[in-house]
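Input: a single structure, listed below in C-alpha cells.
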Amino acid sequence: TDVPGSVTLWLGYFEFSMDQDWESERRRALYERALESAGADFRDGPKLFAARRAFETSRHAVDGDARTKVASRVRDLFRRQLALPHARIVETARQAEAWEAETNEKAKREESETSPPESPSEPEPILTPAARAAYAVAVAVTERRRPLEEAIAAAEALPCGDDRRTGTPSAEASAGEADEKRQKSRRRRAACEARTDALASAHRAFVAAEEYAFETDGGSAGSAGGASVPDTRVRLATLLSAYERALAASPTDEALWRRFTARLERSANNSRAASDAHARAVRHCPGSGETFACALRWRCARGDDEGARAELASVGSRFGDSPRDAHAALAAAARIGLIEPEEALRMLGEIEGNEGNEGPWIDPDLTLLRQIVRRSSD
C-alpha cells in the first residue's frame with residue numbers, strides 16, 4: 001500500500017485475508033507486517049493489536065493449537081503493546097490484567113479436573129519486571145504526548161462547512177439568491193482550508209516533538225538513566241508512525257516528505273524503507289524538483305547510478321514548465337557526478353527556452369554550476 005502507516009487500510013486487508021480463507025501462517029505474517037508498519041500509531045495502533053489477539057485466540061478452535069501456546073502468544077502481544085506509548089495505554093493494562101486473571105483461573109480449573117491439584121503451574125505474568133519497567137516508560141511518554149494528540153483531535157473536530165451541494169442556480173433564481181449561494185460556497189471552502197491548515201500544523205508539531213525526543217533521548221538510552229526512555233526500536237517506530245499520520249493529513253507537503261525520507265536514510269534498518277519512501281514522495285509531489293533531487297541522491301548513494309540516470313532523463317517532461325524545479329534536479333545531479341555541469345546547463349537552457357516559461361532568472365545554485373563549468377575548463 002502507498003500508505004503503510006494507515007491502520008484503516010490494514011484492517012481492510014485483514015478482512016480480505018479472512019474472505020479469501022488464507023492459511024493461518026500467511027495471515028499471521030500479514031498481521032505481523034501490519035504491526036511493524038502501523039502498530040506504533042498513537043491513536044489507532046491498538047486496533048491492530050486487538051485484531052491480532054483475536055486471531056491468535058481463535059487458533060485453539062480453528063487449528064487445534066494448545067491453549068498454553070495460544071495464551072503465550074497473547075501474553076507476548078500484550079507485552080509488546082504495553083511497551084509502546086499509545087493514547088489508551090492504561091486501559092490496555094487493565095484489559096491485560098483482566099485477561100490474565102481469567103486465563104489463569106480457567107487454566108487452574110482445567111488442571112484440577114485432569115491432574116492432582118497439589119502443584120499447579122503458574123505461567124509467567126504479562127508484566128514481568130522488564131515489561132513493567134518498559135510499561136512505566138511508555139506511560140510517561142504517553143502523558144507527555146497527550147496535549148499534542150489533543151491538539152490534533154481539536155483540529156479534526158473543526159467544521160468543514162456544509163458538504164451538501166447547492167447545485168447551479170436556475171435561470172429563474174434571482175441575482176440575490178445566486179450571490180448567496182456563491183458566498184456559502186466560499187465560506188465552505190474557507191472552513192475546509194482552515195481545518196486543513198490547523199490539522200497540518202498540529203501534525204507538524206507532533207512530528208517536531210517526536211524528532212526532538214528521538215534525538216535527545218538517544219543520548220541517554222545507553223547511559224545509567226536509559227531506563228527512563230524507550231529503547232531505540234520503540235522510539236523509531238513511534239517517530240515513523242507520527243510521520244505517516246502527518247503525511248496522511250498533508251500528502252503534498254514537500255518539506256515534510258524530505259524530512260521523512262532523510263530520517264529513514266539515517267535510521268531505518270534497511271535501505272528499502274527509504275527507497276520506498278522516496279518513490280512515494282515523488283509520486284505525491286511530482287512537481288517538486290528538490291524532492292526529485294533527494295530521490296536521485298539516494299539512488300546514487302546506494303550505487304544505482306544507472307537507475308538515477310534513467311530518472312534524470314525525465315527531467316524535461318517532468319519540469320518542462322518549471323525551470324526552477326528542473327534546476328534543483330539538475331544541480332543535484334551535477335554535484336554528485338551523475339551528469340557533467342555543462343550538460344546540466346545545456347538541458348536547463350532547453351527547458352528555460354520552452355514556450356510559456358517566464359524570462360531568465362538568477363539562482364545561487366545556477367551560478368555555482370557555472371563556476372564549476374569555468375573551473376573545469378581552466
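Following the order of the C-alpha cells, chains are lettered A, B, ..., residues in each are numbered from 1, and ligands are numbered from 1.
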
Check your understanding: Contacts of A:Glu244 at 9 Å or less, counting only C-alpha atoms, minus same-chain residues fewer than 2 places along, as a ChimeraX atom specification?
Key -> /A:3-6,38,41,239-242,246-249,260

Practice item. Name all residues at most 12 Å from A:Glu91 (count only C-alpha atoms; drop same-chain ones fewer than 3 positions away) and give them as a list in words. Key: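 Result of the neighbour search: Pro46, Phe78, Gln81, Leu82, His86, Ala87, Arg88, Arg94, Gln95, Ala96, Glu97, Ala98 and Val139 of chain A.
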
Exercise for review: Identify all residues of stretch 278-314 of chain A in alpha helix (DSSP H) (DSSP on the backbone) and supply them as a list in words.
Suggested key: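 Of stretch 278-314 of chain A, only His278, Ala279, Arg280, Ala281, Val282, Arg283, His284, Gly289, Glu290, Thr291, Phe292, Ala293, Cys294, Ala295, Leu296, Arg297, Trp298, Arg299, Cys300, Ala301, Asp305, Glu306, Gly307, Ala308, Arg309, Ala310, Glu311 and Leu312 of chain A fall in alpha helix (DSSP H).
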
Go ahead and write the selection's residues with C-alpha atoms as a PDB file, in the first residue's frame.
```
ATOM      1  CA  HIS A 278      11.438   8.377  -1.866  1.00  0.00           C
ATOM      2  CA  ALA A 279       9.239   6.781  -4.527  1.00  0.00           C
ATOM      3  CA  ARG A 280       6.113   7.777  -2.606  1.00  0.00           C
ATOM      4  CA  ALA A 281       7.425  11.316  -2.157  1.00  0.00           C
ATOM      5  CA  VAL A 282       7.995  11.750  -5.895  1.00  0.00           C
ATOM      6  CA  ARG A 283       4.509  10.408  -6.651  1.00  0.00           C
ATOM      7  CA  HIS A 284       2.833  12.770  -4.183  1.00  0.00           C
ATOM      8  CA  GLY A 289      12.480  19.454  -8.090  1.00  0.00           C
ATOM      9  CA  GLU A 290      14.009  19.301  -4.608  1.00  0.00           C
ATOM     10  CA  THR A 291      12.079  16.129  -3.776  1.00  0.00           C
ATOM     11  CA  PHE A 292      13.139  14.595  -7.085  1.00  0.00           C
ATOM     12  CA  ALA A 293      16.757  15.594  -6.372  1.00  0.00           C
ATOM     13  CA  CYS A 294      16.659  13.859  -2.987  1.00  0.00           C
ATOM     14  CA  ALA A 295      15.466  10.665  -4.665  1.00  0.00           C
ATOM     15  CA  LEU A 296      18.320  10.915  -7.193  1.00  0.00           C
ATOM     16  CA  ARG A 297      20.921  11.380  -4.473  1.00  0.00           C
ATOM     17  CA  TRP A 298      19.607   8.354  -2.593  1.00  0.00           C
ATOM     18  CA  ARG A 299      19.751   6.169  -5.701  1.00  0.00           C
ATOM     19  CA  CYS A 300      23.373   7.152  -6.250  1.00  0.00           C
ATOM     20  CA  ALA A 301      24.228   6.622  -2.585  1.00  0.00           C
ATOM     21  CA  ASP A 305      23.702   5.185 -10.957  1.00  0.00           C
ATOM     22  CA  GLU A 306      22.019   3.564 -13.946  1.00  0.00           C
ATOM     23  CA  GLY A 307      18.572   3.927 -12.394  1.00  0.00           C
ATOM     24  CA  ALA A 308      19.355   7.512 -11.399  1.00  0.00           C
ATOM     25  CA  ARG A 309      20.355   8.390 -14.985  1.00  0.00           C
ATOM     26  CA  ALA A 310      17.142   6.833 -16.272  1.00  0.00           C
ATOM     27  CA  GLU A 311      15.174   9.016 -13.878  1.00  0.00           C
ATOM     28  CA  LEU A 312      17.212  12.075 -14.812  1.00  0.00           C
TER      29      LEU A 312
END
```

Review point. Excluding same-chain residues fewer than 4 positions from A:Arg146, what lies within 12 Å of it counting only C-alpha atoms, as a list in words?
Key: Phe42, Arg43, Pro85, His86, Ala87, Arg88, Ile89, Val139, Ala140, Val141, Thr142, Glu150, Ala151, Ile152, Ala153, Phe206 and Ala209 of chain A

What would the file look like if the residues just selected were written as a CSV table (one decimal), in the first residue's frame with N, CA, C and O atoms?
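Contents of selection.csv, as written:
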```csv
chain,number,residue,atom,x,y,z
A,42,PHE,N,-0.2,6.2,17.5
A,42,PHE,CA,-0.5,6.6,18.9
A,42,PHE,C,-2.0,6.4,19.2
A,42,PHE,O,-2.4,6.0,20.3
A,43,ARG,N,-2.8,6.7,18.2
A,43,ARG,CA,-4.3,6.6,18.5
A,43,ARG,C,-4.9,5.3,18.0
A,43,ARG,O,-5.7,4.7,18.8
A,85,PRO,N,4.1,3.6,23.6
A,85,PRO,CA,3.2,4.7,24.0
A,85,PRO,C,2.0,4.8,23.1
A,85,PRO,O,2.1,4.8,21.9
A,86,HIS,N,0.8,4.8,23.7
A,86,HIS,CA,-0.4,5.0,22.9
A,86,HIS,C,-1.5,5.6,23.8
A,86,HIS,O,-1.4,5.7,25.0
A,87,ALA,N,-2.5,6.1,23.1
A,87,ALA,CA,-3.5,7.0,23.8
A,87,ALA,C,-4.2,6.4,25.0
A,87,ALA,O,-4.4,7.0,26.0
A,88,ARG,N,-4.5,5.1,24.9
A,88,ARG,CA,-5.3,4.4,26.0
A,88,ARG,C,-4.5,3.3,26.6
A,88,ARG,O,-5.0,2.2,26.9
A,89,ILE,N,-3.3,3.7,26.9
A,89,ILE,CA,-2.3,2.6,27.5
A,89,ILE,C,-2.8,2.1,28.8
A,89,ILE,O,-2.6,0.9,29.1
A,139,VAL,N,4.1,4.8,29.7
A,139,VAL,CA,3.0,5.7,30.3
A,139,VAL,C,3.5,7.1,30.4
A,139,VAL,O,2.8,8.1,30.1
A,140,ALA,N,4.8,7.3,30.8
A,140,ALA,CA,5.3,8.6,31.0
A,140,ALA,C,5.4,9.4,29.6
A,140,ALA,O,5.0,10.5,29.5
A,141,VAL,N,5.8,8.6,28.6
A,141,VAL,CA,5.9,9.2,27.3
A,141,VAL,C,4.5,9.6,26.7
A,141,VAL,O,4.2,10.6,26.1
A,142,THR,N,3.5,8.7,27.0
A,142,THR,CA,2.1,8.9,26.6
A,142,THR,C,1.6,10.2,27.2
A,142,THR,O,1.0,11.0,26.5
A,150,GLU,N,-4.2,15.8,21.7
A,150,GLU,CA,-5.5,16.6,21.8
A,150,GLU,C,-5.6,17.7,20.9
A,150,GLU,O,-6.7,18.1,20.4
A,151,ALA,N,-4.4,18.3,20.5
A,151,ALA,CA,-4.4,19.4,19.5
A,151,ALA,C,-4.8,18.9,18.1
A,151,ALA,O,-5.6,19.5,17.4
A,152,ILE,N,-4.4,17.7,17.8
A,152,ILE,CA,-4.8,17.0,16.5
A,152,ILE,C,-6.3,16.7,16.5
A,152,ILE,O,-7.0,17.0,15.6
A,153,ALA,N,-6.8,16.2,17.7
A,153,ALA,CA,-8.2,15.9,17.8
A,153,ALA,C,-9.0,17.2,17.6
A,153,ALA,O,-10.1,17.2,17.0
A,206,PHE,N,3.5,17.6,16.3
A,206,PHE,CA,3.7,16.3,16.9
A,206,PHE,C,5.0,15.7,16.3
A,206,PHE,O,5.8,15.1,17.1
A,209,ALA,N,8.0,17.3,17.9
A,209,ALA,CA,8.2,16.9,19.3
A,209,ALA,C,8.8,15.5,19.3
A,209,ALA,O,9.7,15.1,20.1
```

**Study point:** Nearest to A:Arg75, chosen from A:Val90, A:Leu35, A:Pro125, A:Ala138, with only C-alpha atoms counted in the distances
**Key:**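 Closest candidate: A:Pro125.
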
**Study point:** Residues within 8 Å of A:Val70, only C-alpha atoms, excluding chain neighbours under 4 positions, as a ChimeraX atom specification
**Key:** /A:56-57,59-60,65-66,74

Kindly export the residues of the current selection with all heavy atoms, as a PDB file, in the first residue's frame.
```
ATOM      1  N   GLU A  56      -5.096 -14.804  17.228  1.00  0.00           N
ATOM      2  CA  GLU A  56      -4.350 -15.809  17.962  1.00  0.00           C
ATOM      3  C   GLU A  56      -5.262 -16.586  18.914  1.00  0.00           C
ATOM      4  O   GLU A  56      -5.104 -17.794  19.094  1.00  0.00           O
ATOM      5  CB  GLU A  56      -3.207 -15.167  18.743  1.00  0.00           C
ATOM      6  CG  GLU A  56      -2.137 -14.512  17.876  1.00  0.00           C
ATOM      7  CD  GLU A  56      -1.355 -15.505  17.038  1.00  0.00           C
ATOM      8  OE1 GLU A  56      -1.580 -16.733  17.165  1.00  0.00           O
ATOM      9  OE2 GLU A  56      -0.520 -15.060  16.230  1.00  0.00           O
ATOM     10  N   THR A  57      -6.209 -15.902  19.539  1.00  0.00           N
ATOM     11  CA  THR A  57      -7.122 -16.563  20.474  1.00  0.00           C
ATOM     12  C   THR A  57      -7.940 -17.646  19.781  1.00  0.00           C
ATOM     13  O   THR A  57      -8.254 -18.690  20.364  1.00  0.00           O
ATOM     14  CB  THR A  57      -8.051 -15.520  21.125  1.00  0.00           C
ATOM     15  OG1 THR A  57      -7.257 -14.549  21.810  1.00  0.00           O
ATOM     16  CG2 THR A  57      -9.003 -16.179  22.104  1.00  0.00           C
ATOM     17  N   ARG A  59      -7.002 -19.572  17.414  1.00  0.00           N
ATOM     18  CA  ARG A  59      -6.209 -20.663  16.834  1.00  0.00           C
ATOM     19  C   ARG A  59      -6.443 -21.995  17.548  1.00  0.00           C
ATOM     20  O   ARG A  59      -6.225 -23.059  16.968  1.00  0.00           O
ATOM     21  CB  ARG A  59      -4.719 -20.326  16.889  1.00  0.00           C
ATOM     22  CG  ARG A  59      -4.251 -19.203  15.976  1.00  0.00           C
ATOM     23  CD  ARG A  59      -4.749 -19.340  14.556  1.00  0.00           C
ATOM     24  NE  ARG A  59      -6.035 -18.641  14.375  1.00  0.00           N
ATOM     25  CZ  ARG A  59      -6.774 -18.741  13.280  1.00  0.00           C
ATOM     26  NH1 ARG A  59      -6.420 -19.537  12.307  1.00  0.00           N
ATOM     27  NH2 ARG A  59      -7.895 -18.064  13.186  1.00  0.00           N
ATOM     28  N   HIS A  60      -6.880 -21.977  18.812  1.00  0.00           N
ATOM     29  CA  HIS A  60      -7.168 -23.243  19.504  1.00  0.00           C
ATOM     30  C   HIS A  60      -8.346 -23.943  18.846  1.00  0.00           C
ATOM     31  O   HIS A  60      -8.289 -25.161  18.575  1.00  0.00           O
ATOM     32  CB  HIS A  60      -7.468 -22.989  20.975  1.00  0.00           C
ATOM     33  CG  HIS A  60      -7.927 -24.212  21.711  1.00  0.00           C
ATOM     34  ND1 HIS A  60      -7.090 -25.272  22.010  1.00  0.00           N
ATOM     35  CD2 HIS A  60      -9.173 -24.556  22.189  1.00  0.00           C
ATOM     36  CE1 HIS A  60      -7.787 -26.206  22.631  1.00  0.00           C
ATOM     37  NE2 HIS A  60      -9.042 -25.801  22.753  1.00  0.00           N
ATOM     38  N   ASP A  65      -4.386 -25.582  18.109  1.00  0.00           N
ATOM     39  CA  ASP A  65      -3.194 -25.243  18.900  1.00  0.00           C
ATOM     40  C   ASP A  65      -3.484 -25.397  20.384  1.00  0.00           C
ATOM     41  O   ASP A  65      -4.611 -25.146  20.847  1.00  0.00           O
ATOM     42  CB  ASP A  65      -2.751 -23.803  18.613  1.00  0.00           C
ATOM     43  CG  ASP A  65      -2.201 -23.633  17.209  1.00  0.00           C
ATOM     44  OD1 ASP A  65      -2.079 -24.652  16.505  1.00  0.00           O
ATOM     45  OD2 ASP A  65      -1.916 -22.488  16.821  1.00  0.00           O
ATOM     46  N   ALA A  66      -2.469 -25.780  21.141  1.00  0.00           N
ATOM     47  CA  ALA A  66      -2.637 -25.947  22.580  1.00  0.00           C
ATOM     48  C   ALA A  66      -3.005 -24.618  23.235  1.00  0.00           C
ATOM     49  O   ALA A  66      -2.527 -23.554  22.821  1.00  0.00           O
ATOM     50  CB  ALA A  66      -1.355 -26.493  23.197  1.00  0.00           C
ATOM     51  N   VAL A  74      -0.604 -14.561  23.161  1.00  0.00           N
ATOM     52  CA  VAL A  74      -1.370 -13.375  23.551  1.00  0.00           C
ATOM     53  C   VAL A  74      -0.607 -12.570  24.601  1.00  0.00           C
ATOM     54  O   VAL A  74      -0.590 -11.331  24.580  1.00  0.00           O
ATOM     55  CB  VAL A  74      -2.765 -13.776  24.060  1.00  0.00           C
ATOM     56  CG1 VAL A  74      -3.526 -12.566  24.586  1.00  0.00           C
ATOM     57  CG2 VAL A  74      -3.559 -14.445  22.941  1.00  0.00           C
TER      58      VAL A  74
END
```

Exercise for review: Using only C-alpha atoms, pick whichever of A:Glu210, A:Asp231, A:Thr216, A:Ile336 has the shortest atom-to-atom distance to A:Arg263.
Suggested key: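 Checking each of A:Glu210, A:Asp231, A:Thr216, A:Ile336 against A:Arg263, counting only C-alpha atoms, the winner is A:Glu210.
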